[in-house]
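Engineer: Below you'll find the structure I mean.
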There are 2 protein chains.
Amino acid sequence: MSKEVGITAFRSQCPVAASLDLLGDKWSLVIVRDLMIRKRRYKDFQDSPEGIPTNILANRLRKLEEDGIIKKHPYQEKPVRHEYSLTCKGADLLPVLQQLALWGHKYIPESWSPPDWFLNAKPGELPVEK
Amino acid sequence: MSKEVGITAFRSQCPVAASLDLLGDKWSLVIVRDLMIRKRRYKDFQDSPEGIPTNILANRLRKLEEDGIIKKHPYQEKPVRHEYSLTCKGADLLPVLQQLALWGHKYIPESWSPPDWFLNAKPGELPVEK
DNA sequence: GTTGTCACTTGCTAATTGCAAGTGACATAA
DNA sequence: TTATGTCACTTGCAATTAGCAAGTGACAAC
């Protein structure tokens, strides 16, 4: 059985639609958010309150890496384990998430207000794998 | 058979995750984009280059209306036909789409550059149903 | 009367999601 | 030494969702 995720065929050349071809699902941007709040390991993502199913998590990490949005690198041998980090491309999603967070906080009554450090952060200040 | 879309159970109180509970799929924000570029009718949405399937379009219009992001109002009787427009809540998604468009244009090579009027627009300037 | 348009709905299949359980490599405890 | 636990997954399978194609009802135009 194959683990391939395949190349994305974009529905159009509209930058909004094309971005959604990469990120338009319920989980990908939640993982990106976790990376922005300094989570790095598989278990950290699993422990987030949204409760991502483990097979979906593995699949999304693979896709995000294929699309160059995140990067994984080993933090130990025996057994080899990886942590994940944002690439520049991934860190540049910060303004998108900031705006989404503002909108959610404004219109979804029970949602938390985004922390100031998050709203004031800039992509360049996020930890990024060079 | 029921046409109900059901109320959304939010996965968490994180404003990012909660926003994605409403908008985290491949089509909803494409419809919102179309409304921002002044499309109003069912056929207009169908004619967009992404080629949304008609049953998905009907379903998303229903959901977006239920969630208070768009509104429909009749433009003729016999037969009654509606056009759709953004609510304030929907128009306030403009910054999200602007940032998504910028990101897409920066990182998806074949994607168009977003028009200046779109990047410079403000939610209050969009046509909104009061 | 025939054809066309518009805004959908219905039926059906294919793909995706998500739950639960299993796996392999190791660390730690009894 | 066996036993239990953790971590990062994979696998199997059922349920949900997506998407294609065709159909429908109300009309307008020819």
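Residue numbers start at 1 in each chain; chains themselves are named A, B, ... in the order of the structure tokens; ligands are numbered from 1 in the order shown.
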Specify as an MDAnalysis selection string all residues of chain B found within 12 Å of chain C, counting only C-alpha atoms (C1' of nucleotides).
Structural biologist: chainID B and resid 1:3 41:46 53:59 61:62 78:83
Engineer: For the residues in the current selection, export N, CA and C atoms as an mmCIF file, in the first residue's frame.
Structural biologist:
data_model
loop_
_atom_site.group_PDB
_atom_site.id
_atom_site.type_symbol
_atom_site.label_atom_id
_atom_site.label_comp_id
_atom_site.auth_asym_id
_atom_site.auth_seq_id
_atom_site.Cartn_x
_atom_site.Cartn_y
_atom_site.Cartn_z
ATOM 1 N N MET B 1 -36.098 12.907 2.620
ATOM 2 C CA MET B 1 -34.676 13.213 2.878
ATOM 3 C C MET B 1 -34.499 14.649 3.351
ATOM 4 N N SER B 2 -33.583 14.807 4.289
ATOM 5 C CA SER B 2 -33.449 16.102 4.948
ATOM 6 C C SER B 2 -32.394 16.977 4.284
ATOM 7 N N LYS B 3 -32.644 18.261 4.315
ATOM 8 C CA LYS B 3 -31.671 19.218 3.793
ATOM 9 C C LYS B 3 -30.954 19.926 4.923
ATOM 10 N N ARG B 41 -25.251 35.455 -8.157
ATOM 11 C CA ARG B 41 -26.239 34.419 -8.428
ATOM 12 C C ARG B 41 -25.621 33.044 -8.558
ATOM 13 N N TYR B 42 -26.477 32.074 -8.345
ATOM 14 C CA TYR B 42 -26.081 30.665 -8.421
ATOM 15 C C TYR B 42 -25.220 30.380 -9.643
ATOM 16 N N LYS B 43 -25.701 30.824 -10.771
ATOM 17 C CA LYS B 43 -24.984 30.561 -12.010
ATOM 18 C C LYS B 43 -23.613 31.234 -12.035
ATOM 19 N N ASP B 44 -23.526 32.428 -11.458
ATOM 20 C CA ASP B 44 -22.230 33.103 -11.394
ATOM 21 C C ASP B 44 -21.203 32.237 -10.670
ATOM 22 N N PHE B 45 -21.646 31.624 -9.560
ATOM 23 C CA PHE B 45 -20.728 30.790 -8.787
ATOM 24 C C PHE B 45 -20.341 29.534 -9.578
ATOM 25 N N GLN B 46 -21.344 28.986 -10.248
ATOM 26 C CA GLN B 46 -21.074 27.796 -11.061
ATOM 27 C C GLN B 46 -20.076 28.088 -12.168
ATOM 28 N N PRO B 53 -19.083 21.583 -8.080
ATOM 29 C CA PRO B 53 -20.235 20.733 -8.390
ATOM 30 C C PRO B 53 -21.517 21.360 -7.834
ATOM 31 N N THR B 54 -22.610 21.218 -8.569
ATOM 32 C CA THR B 54 -23.828 21.935 -8.234
ATOM 33 C C THR B 54 -24.418 21.523 -6.886
ATOM 34 N N ASN B 55 -24.304 20.266 -6.537
ATOM 35 C CA ASN B 55 -24.849 19.860 -5.227
ATOM 36 C C ASN B 55 -24.023 20.424 -4.083
ATOM 37 N N ILE B 56 -22.722 20.516 -4.288
ATOM 38 C CA ILE B 56 -21.848 21.101 -3.258
ATOM 39 C C ILE B 56 -22.130 22.594 -3.122
ATOM 40 N N LEU B 57 -22.336 23.241 -4.258
ATOM 41 C CA LEU B 57 -22.650 24.669 -4.221
ATOM 42 C C LEU B 57 -23.925 24.914 -3.417
ATOM 43 N N ALA B 58 -24.964 24.157 -3.713
ATOM 44 C CA ALA B 58 -26.229 24.328 -2.985
ATOM 45 C C ALA B 58 -26.029 24.089 -1.491
ATOM 46 N N ASN B 59 -25.283 23.049 -1.167
ATOM 47 C CA ASN B 59 -25.027 22.725 0.237
ATOM 48 C C ASN B 59 -24.244 23.832 0.950
ATOM 49 N N LEU B 61 -23.976 27.031 0.089
ATOM 50 C CA LEU B 61 -24.776 28.253 0.217
ATOM 51 C C LEU B 61 -25.699 28.128 1.422
ATOM 52 N N ARG B 62 -26.258 26.948 1.604
ATOM 53 C CA ARG B 62 -27.142 26.724 2.756
ATOM 54 C C ARG B 62 -26.375 26.870 4.063
ATOM 55 N N LYS B 78 -41.957 34.478 -9.643
ATOM 56 C CA LYS B 78 -42.414 33.736 -10.821
ATOM 57 C C LYS B 78 -41.344 33.509 -11.869
ATOM 58 N N PRO B 79 -40.507 32.547 -11.693
ATOM 59 C CA PRO B 79 -40.343 31.837 -10.435
ATOM 60 C C PRO B 79 -39.473 32.647 -9.500
ATOM 61 N N VAL B 80 -39.631 32.412 -8.208
ATOM 62 C CA VAL B 80 -38.818 33.165 -7.269
ATOM 63 C C VAL B 80 -37.348 32.755 -7.403
ATOM 64 N N ARG B 81 -36.524 33.759 -7.554
ATOM 65 C CA ARG B 81 -35.078 33.530 -7.669
ATOM 66 C C ARG B 81 -34.392 34.466 -6.689
ATOM 67 N N HIS B 82 -33.267 33.963 -6.175
ATOM 68 C CA HIS B 82 -32.568 34.755 -5.174
ATOM 69 C C HIS B 82 -31.203 35.185 -5.651
ATOM 70 N N GLU B 83 -30.717 36.251 -5.062
ATOM 71 C CA GLU B 83 -29.293 36.481 -5.168
ATOM 72 C C GLU B 83 -28.712 36.451 -3.768
#
Engineer: Would you mind listing what lies within 10 Å of segment 117-124 of chain A as a PyMOL selection string, with only C-alpha atoms (C1' of nucleotides) counted and same-chain residues fewer than 2 positions away left out?
Structural biologist: chain A and resi 36-37+88-95+97-99+101-102+114-115+126-128
Engineer: Can you check which residues of chain B DSSP gives as helix (DSSP H, G or I) on the backbone and send them as a PDB file with N, CA and C atoms, in the first residue's frame?
Structural biologist:
ATOM      1  N   PRO B  15      -9.829  30.306  18.458  1.00  0.00           N
ATOM      2  CA  PRO B  15     -10.511  31.022  17.373  1.00  0.00           C
ATOM      3  C   PRO B  15     -10.075  30.576  15.984  1.00  0.00           C
ATOM      4  N   VAL B  16      -8.855  30.083  15.867  1.00  0.00           N
ATOM      5  CA  VAL B  16      -8.411  29.567  14.570  1.00  0.00           C
ATOM      6  C   VAL B  16      -9.159  28.274  14.241  1.00  0.00           C
ATOM      7  N   ALA B  17      -9.133  27.344  15.176  1.00  0.00           N
ATOM      8  CA  ALA B  17      -9.803  26.063  14.948  1.00  0.00           C
ATOM      9  C   ALA B  17     -11.303  26.246  14.765  1.00  0.00           C
ATOM     10  N   ALA B  18     -11.892  27.132  15.576  1.00  0.00           N
ATOM     11  CA  ALA B  18     -13.335  27.350  15.478  1.00  0.00           C
ATOM     12  C   ALA B  18     -13.702  27.972  14.131  1.00  0.00           C
ATOM     13  N   SER B  19     -12.879  28.901  13.650  1.00  0.00           N
ATOM     14  CA  SER B  19     -13.128  29.475  12.322  1.00  0.00           C
ATOM     15  C   SER B  19     -13.060  28.390  11.253  1.00  0.00           C
ATOM     16  N   LEU B  20     -12.100  27.506  11.410  1.00  0.00           N
ATOM     17  CA  LEU B  20     -11.965  26.427  10.436  1.00  0.00           C
ATOM     18  C   LEU B  20     -13.129  25.441  10.516  1.00  0.00           C
ATOM     19  N   ASP B  21     -13.773  25.356  11.673  1.00  0.00           N
ATOM     20  CA  ASP B  21     -14.977  24.529  11.749  1.00  0.00           C
ATOM     21  C   ASP B  21     -16.060  25.062  10.813  1.00  0.00           C
ATOM     22  N   LEU B  22     -16.063  26.374  10.614  1.00  0.00           N
ATOM     23  CA  LEU B  22     -17.061  26.969   9.711  1.00  0.00           C
ATOM     24  C   LEU B  22     -16.579  27.041   8.262  1.00  0.00           C
ATOM     25  N   LEU B  23     -15.294  27.266   8.088  1.00  0.00           N
ATOM     26  CA  LEU B  23     -14.785  27.625   6.760  1.00  0.00           C
ATOM     27  C   LEU B  23     -13.712  26.690   6.239  1.00  0.00           C
ATOM     28  N   SER B  28     -15.939  26.703   0.618  1.00  0.00           N
ATOM     29  CA  SER B  28     -16.648  27.824   1.255  1.00  0.00           C
ATOM     30  C   SER B  28     -15.989  29.170   0.974  1.00  0.00           C
ATOM     31  N   LEU B  29     -14.689  29.250   1.139  1.00  0.00           N
ATOM     32  CA  LEU B  29     -14.024  30.544   0.938  1.00  0.00           C
ATOM     33  C   LEU B  29     -13.931  30.923  -0.534  1.00  0.00           C
ATOM     34  N   VAL B  30     -14.062  29.950  -1.413  1.00  0.00           N
ATOM     35  CA  VAL B  30     -14.111  30.272  -2.842  1.00  0.00           C
ATOM     36  C   VAL B  30     -15.423  30.992  -3.156  1.00  0.00           C
ATOM     37  N   ILE B  31     -16.502  30.557  -2.528  1.00  0.00           N
ATOM     38  CA  ILE B  31     -17.792  31.233  -2.703  1.00  0.00           C
ATOM     39  C   ILE B  31     -17.738  32.639  -2.100  1.00  0.00           C
ATOM     40  N   VAL B  32     -17.137  32.752  -0.927  1.00  0.00           N
ATOM     41  CA  VAL B  32     -16.984  34.070  -0.300  1.00  0.00           C
ATOM     42  C   VAL B  32     -16.155  34.987  -1.204  1.00  0.00           C
ATOM     43  N   ARG B  33     -15.095  34.450  -1.768  1.00  0.00           N
ATOM     44  CA  ARG B  33     -14.298  35.230  -2.722  1.00  0.00           C
ATOM     45  C   ARG B  33     -15.166  35.721  -3.878  1.00  0.00           C
ATOM     46  N   ASP B  34     -15.969  34.826  -4.439  1.00  0.00           N
ATOM     47  CA  ASP B  34     -16.832  35.212  -5.555  1.00  0.00           C
ATOM     48  C   ASP B  34     -17.771  36.350  -5.167  1.00  0.00           C
ATOM     49  N   LEU B  35     -18.314  36.271  -3.966  1.00  0.00           N
ATOM     50  CA  LEU B  35     -19.194  37.358  -3.519  1.00  0.00           C
ATOM     51  C   LEU B  35     -18.422  38.662  -3.389  1.00  0.00           C
ATOM     52  N   MET B  36     -17.162  38.560  -2.985  1.00  0.00           N
ATOM     53  CA  MET B  36     -16.349  39.768  -2.859  1.00  0.00           C
ATOM     54  C   MET B  36     -16.035  40.381  -4.213  1.00  0.00           C
ATOM     55  N   TYR B  42     -26.477  32.074  -8.345  1.00  0.00           N
ATOM     56  CA  TYR B  42     -26.081  30.665  -8.421  1.00  0.00           C
ATOM     57  C   TYR B  42     -25.220  30.380  -9.643  1.00  0.00           C
ATOM     58  N   LYS B  43     -25.701  30.824 -10.771  1.00  0.00           N
ATOM     59  CA  LYS B  43     -24.984  30.561 -12.010  1.00  0.00           C
ATOM     60  C   LYS B  43     -23.613  31.234 -12.035  1.00  0.00           C
ATOM     61  N   ASP B  44     -23.526  32.428 -11.458  1.00  0.00           N
ATOM     62  CA  ASP B  44     -22.230  33.103 -11.394  1.00  0.00           C
ATOM     63  C   ASP B  44     -21.203  32.237 -10.670  1.00  0.00           C
ATOM     64  N   PHE B  45     -21.646  31.624  -9.560  1.00  0.00           N
ATOM     65  CA  PHE B  45     -20.728  30.790  -8.787  1.00  0.00           C
ATOM     66  C   PHE B  45     -20.341  29.534  -9.578  1.00  0.00           C
ATOM     67  N   GLN B  46     -21.344  28.986 -10.248  1.00  0.00           N
ATOM     68  CA  GLN B  46     -21.074  27.796 -11.061  1.00  0.00           C
ATOM     69  C   GLN B  46     -20.076  28.088 -12.168  1.00  0.00           C
ATOM     70  N   THR B  54     -22.610  21.218  -8.569  1.00  0.00           N
ATOM     71  CA  THR B  54     -23.828  21.935  -8.234  1.00  0.00           C
ATOM     72  C   THR B  54     -24.418  21.523  -6.886  1.00  0.00           C
ATOM     73  N   ASN B  55     -24.304  20.266  -6.537  1.00  0.00           N
ATOM     74  CA  ASN B  55     -24.849  19.860  -5.227  1.00  0.00           C
ATOM     75  C   ASN B  55     -24.023  20.424  -4.083  1.00  0.00           C
ATOM     76  N   ILE B  56     -22.722  20.516  -4.288  1.00  0.00           N
ATOM     77  CA  ILE B  56     -21.848  21.101  -3.258  1.00  0.00           C
ATOM     78  C   ILE B  56     -22.130  22.594  -3.122  1.00  0.00           C
ATOM     79  N   LEU B  57     -22.336  23.241  -4.258  1.00  0.00           N
ATOM     80  CA  LEU B  57     -22.650  24.669  -4.221  1.00  0.00           C
ATOM     81  C   LEU B  57     -23.925  24.914  -3.417  1.00  0.00           C
ATOM     82  N   ALA B  58     -24.964  24.157  -3.713  1.00  0.00           N
ATOM     83  CA  ALA B  58     -26.229  24.328  -2.985  1.00  0.00           C
ATOM     84  C   ALA B  58     -26.029  24.089  -1.491  1.00  0.00           C
ATOM     85  N   ASN B  59     -25.283  23.049  -1.167  1.00  0.00           N
ATOM     86  CA  ASN B  59     -25.027  22.725   0.237  1.00  0.00           C
ATOM     87  C   ASN B  59     -24.244  23.832   0.950  1.00  0.00           C
ATOM     88  N   ARG B  60     -23.222  24.359   0.283  1.00  0.00           N
ATOM     89  CA  ARG B  60     -22.391  25.385   0.915  1.00  0.00           C
ATOM     90  C   ARG B  60     -23.153  26.697   1.082  1.00  0.00           C
ATOM     91  N   LEU B  61     -23.976  27.031   0.089  1.00  0.00           N
ATOM     92  CA  LEU B  61     -24.776  28.253   0.217  1.00  0.00           C
ATOM     93  C   LEU B  61     -25.699  28.128   1.422  1.00  0.00           C
ATOM     94  N   ARG B  62     -26.258  26.948   1.604  1.00  0.00           N
ATOM     95  CA  ARG B  62     -27.142  26.724   2.756  1.00  0.00           C
ATOM     96  C   ARG B  62     -26.375  26.870   4.063  1.00  0.00           C
ATOM     97  N   LYS B  63     -25.207  26.233   4.126  1.00  0.00           N
ATOM     98  CA  LYS B  63     -24.399  26.307   5.354  1.00  0.00           C
ATOM     99  C   LYS B  63     -23.946  27.729   5.655  1.00  0.00           C
ATOM    100  N   LEU B  64     -23.459  28.403   4.621  1.00  0.00           N
ATOM    101  CA  LEU B  64     -22.965  29.765   4.833  1.00  0.00           C
ATOM    102  C   LEU B  64     -24.093  30.665   5.297  1.00  0.00           C
ATOM    103  N   GLU B  65     -25.304  30.425   4.791  1.00  0.00           N
ATOM    104  CA  GLU B  65     -26.431  31.230   5.244  1.00  0.00           C
ATOM    105  C   GLU B  65     -26.783  30.891   6.697  1.00  0.00           C
ATOM    106  N   GLU B  66     -26.812  29.610   7.006  1.00  0.00           N
ATOM    107  CA  GLU B  66     -27.068  29.184   8.382  1.00  0.00           C
ATOM    108  C   GLU B  66     -26.077  29.785   9.366  1.00  0.00           C
ATOM    109  N   CYS B  88     -22.165  41.417   7.188  1.00  0.00           N
ATOM    110  CA  CYS B  88     -20.967  42.016   7.790  1.00  0.00           C
ATOM    111  C   CYS B  88     -19.960  40.942   8.170  1.00  0.00           C
ATOM    112  N   LYS B  89     -20.488  39.918   8.811  1.00  0.00           N
ATOM    113  CA  LYS B  89     -19.644  38.790   9.231  1.00  0.00           C
ATOM    114  C   LYS B  89     -18.878  38.210   8.043  1.00  0.00           C
ATOM    115  N   GLY B  90     -19.561  38.101   6.912  1.00  0.00           N
ATOM    116  CA  GLY B  90     -18.909  37.595   5.707  1.00  0.00           C
ATOM    117  C   GLY B  90     -17.908  38.583   5.138  1.00  0.00           C
ATOM    118  N   ALA B  91     -18.288  39.861   5.100  1.00  0.00           N
ATOM    119  CA  ALA B  91     -17.384  40.879   4.554  1.00  0.00           C
ATOM    120  C   ALA B  91     -16.118  40.984   5.402  1.00  0.00           C
ATOM    121  N   LEU B  94     -12.718  39.516   4.523  1.00  0.00           N
ATOM    122  CA  LEU B  94     -11.824  40.092   3.518  1.00  0.00           C
ATOM    123  C   LEU B  94     -10.347  40.033   3.910  1.00  0.00           C
ATOM    124  N   PRO B  95      -9.971  40.467   5.129  1.00  0.00           N
ATOM    125  CA  PRO B  95      -8.541  40.401   5.481  1.00  0.00           C
ATOM    126  C   PRO B  95      -7.973  38.983   5.421  1.00  0.00           C
ATOM    127  N   VAL B  96      -8.790  38.011   5.776  1.00  0.00           N
ATOM    128  CA  VAL B  96      -8.324  36.623   5.684  1.00  0.00           C
ATOM    129  C   VAL B  96      -8.020  36.275   4.227  1.00  0.00           C
ATOM    130  N   LEU B  97      -8.956  36.607   3.350  1.00  0.00           N
ATOM    131  CA  LEU B  97      -8.750  36.289   1.927  1.00  0.00           C
ATOM    132  C   LEU B  97      -7.621  37.114   1.313  1.00  0.00           C
ATOM    133  N   GLN B  98      -7.461  38.341   1.772  1.00  0.00           N
ATOM    134  CA  GLN B  98      -6.344  39.147   1.271  1.00  0.00           C
ATOM    135  C   GLN B  98      -5.013  38.492   1.624  1.00  0.00           C
ATOM    136  N   GLN B  99      -4.910  38.039   2.855  1.00  0.00           N
ATOM    137  CA  GLN B  99      -3.652  37.408   3.281  1.00  0.00           C
ATOM    138  C   GLN B  99      -3.431  36.067   2.585  1.00  0.00           C
ATOM    139  N   LEU B 100      -4.520  35.331   2.410  1.00  0.00           N
ATOM    140  CA  LEU B 100      -4.410  34.059   1.683  1.00  0.00           C
ATOM    141  C   LEU B 100      -3.955  34.311   0.245  1.00  0.00           C
ATOM    142  N   ALA B 101      -4.525  35.349  -0.353  1.00  0.00           N
ATOM    143  CA  ALA B 101      -4.188  35.674  -1.742  1.00  0.00           C
ATOM    144  C   ALA B 101      -2.715  36.075  -1.857  1.00  0.00           C
ATOM    145  N   LEU B 102      -2.252  36.872  -0.887  1.00  0.00           N
ATOM    146  CA  LEU B 102      -0.841  37.272  -0.901  1.00  0.00           C
ATOM    147  C   LEU B 102       0.073  36.064  -0.759  1.00  0.00           C
ATOM    148  N   TRP B 103      -0.295  35.204   0.165  1.00  0.00           N
ATOM    149  CA  TRP B 103       0.522  33.999   0.385  1.00  0.00           C
ATOM    150  C   TRP B 103       0.548  33.130  -0.869  1.00  0.00           C
ATOM    151  N   GLY B 104      -0.622  32.898  -1.424  1.00  0.00           N
ATOM    152  CA  GLY B 104      -0.717  32.068  -2.625  1.00  0.00           C
ATOM    153  C   GLY B 104       0.099  32.645  -3.766  1.00  0.00           C
ATOM    154  N   HIS B 105      -0.020  33.936  -3.928  1.00  0.00           N
ATOM    155  CA  HIS B 105       0.722  34.563  -5.019  1.00  0.00           C
ATOM    156  C   HIS B 105       2.227  34.462  -4.810  1.00  0.00           C
ATOM    157  N   LYS B 106       2.627  34.549  -3.550  1.00  0.00           N
ATOM    158  CA  LYS B 106       4.064  34.468  -3.259  1.00  0.00           C
ATOM    159  C   LYS B 106       4.620  33.060  -3.457  1.00  0.00           C
ATOM    160  N   TYR B 107       3.838  32.051  -3.090  1.00  0.00           N
ATOM    161  CA  TYR B 107       4.402  30.695  -3.038  1.00  0.00           C
ATOM    162  C   TYR B 107       3.867  29.707  -4.067  1.00  0.00           C
ATOM    163  N   ASP B 116      -5.038  44.975  -7.367  1.00  0.00           N
ATOM    164  CA  ASP B 116      -4.823  45.998  -6.345  1.00  0.00           C
ATOM    165  C   ASP B 116      -6.107  46.394  -5.621  1.00  0.00           C
ATOM    166  N   TRP B 117      -7.180  46.505  -6.369  1.00  0.00           N
ATOM    167  CA  TRP B 117      -8.425  46.929  -5.713  1.00  0.00           C
ATOM    168  C   TRP B 117      -8.801  45.924  -4.625  1.00  0.00           C
ATOM    169  N   PHE B 118      -8.480  44.647  -4.868  1.00  0.00           N
ATOM    170  CA  PHE B 118      -8.806  43.629  -3.884  1.00  0.00           C
ATOM    171  C   PHE B 118      -7.912  43.757  -2.654  1.00  0.00           C
ATOM    172  N   LEU B 119      -6.639  43.939  -2.886  1.00  0.00           N
ATOM    173  CA  LEU B 119      -5.696  44.043  -1.768  1.00  0.00           C
ATOM    174  C   LEU B 119      -5.904  45.310  -0.949  1.00  0.00           C
ATOM    175  N   ASN B 120      -6.390  46.359  -1.606  1.00  0.00           N
ATOM    176  CA  ASN B 120      -6.570  47.625  -0.892  1.00  0.00           C
ATOM    177  C   ASN B 120      -7.967  47.820  -0.332  1.00  0.00           C
ATOM    178  N   PRO B 123     -13.322  45.836   4.396  1.00  0.00           N
ATOM    179  CA  PRO B 123     -14.608  45.141   4.524  1.00  0.00           C
ATOM    180  C   PRO B 123     -15.804  46.076   4.341  1.00  0.00           C
ATOM    181  N   GLY B 124     -15.719  47.284   4.907  1.00  0.00           N
ATOM    182  CA  GLY B 124     -16.831  48.224   4.827  1.00  0.00           C
ATOM    183  C   GLY B 124     -17.154  48.695   3.416  1.00  0.00           C
ATOM    184  N   GLU B 125     -16.208  48.476   2.502  1.00  0.00           N
ATOM    185  CA  GLU B 125     -16.455  48.920   1.123  1.00  0.00           C
ATOM    186  C   GLU B 125     -17.132  47.861   0.280  1.00  0.00           C
TER     187      GLU B 125
END
Engineer: Between chain D and chain B, at 12 Å or less, what are the per-residue closest atom pairs and their distances in Å? Count only C-alpha atoms (C1' of nucleotides), order by chain and rising residue number, and return it as a Markdown table.
Structural biologist:
| residue | atom | partner | partner_atom | distance |
| --- | --- | --- | --- | --- |
| D:DT17 | C1' | B:Ile56 | CA | 10.0 |
| D:DA18 | C1' | B:Ile56 | CA | 7.8 |
| D:DG19 | C1' | B:Pro53 | CA | 6.4 |
| D:DC20 | C1' | B:Pro53 | CA | 8.1 |
| D:DA21 | C1' | B:Pro53 | CA | 10.8 |
| D:DG25 | C1' | B:Pro79 | CA | 9.5 |
| D:DA26 | C1' | B:Pro79 | CA | 5.6 |
| D:DC27 | C1' | B:Pro79 | CA | 6.5 |
| D:DA28 | C1' | B:Pro79 | CA | 11.0 |
Engineer: Using only C-alpha atoms, which of the listed residues (B:Asp47, B:Glu110, B:Asp67, B:Glu77) sits closest to chain A?
Structural biologist: B:Glu110
Engineer: Please indicate the distance in Å from atom CA of Lys72 of chain A to atom CA of Pro49 of chain A, rounded to one decimal place.
Structural biologist: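 Interatomic distance, atom CA of Lys72 of chain A to atom CA of Pro49 of chain A: 22.7 Å.
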Engineer: Could you tell me which of A:Gly68, A:Gly51, A:Gly24, A:Pro109 comes closest to chain B if we count only C-alpha atoms?
Structural biologist: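 Residue with the minimum atom-to-atom distance to chain B: A:Gly24.
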Engineer: I need the residues of chain A that end up classed as strand (DSSP E or B) by DSSP on the backbone, written out as a PyMOL selection string.
Structural biologist: chain A and resi 70-76+81-86+128
Engineer: Do you have the atom CA of Pro74 of chain B-atom CA of Glu50 of chain B distance handy?
Structural biologist: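 Atom CA of Glu50 of chain B lies at a distance of 25.9 Å from atom CA of Pro74 of chain B.
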Engineer: What does the structure give for the distance between atom CA of Arg38 of chain B and atom CA of Lys26 of chain B, in Å to one decimal?
Structural biologist: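 Value for the atom CA of Arg38 of chain B-atom CA of Lys26 of chain B distance: 20.0 Å.
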Engineer: Have a look at A:Glu129, A:Ser85, A:Tyr75, A:Ser48 and name the one nearest to chain B; count only C-alpha atoms.
Structural biologist: A:Ser48
Engineer: Counting only C-alpha atoms, which of B:Ser12, B:Leu86, B:Gln76, B:Lys39 gets nearest to chain A?
Structural biologist: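 Ranked by minimum distance to chain A, first place goes to B:Ser12.
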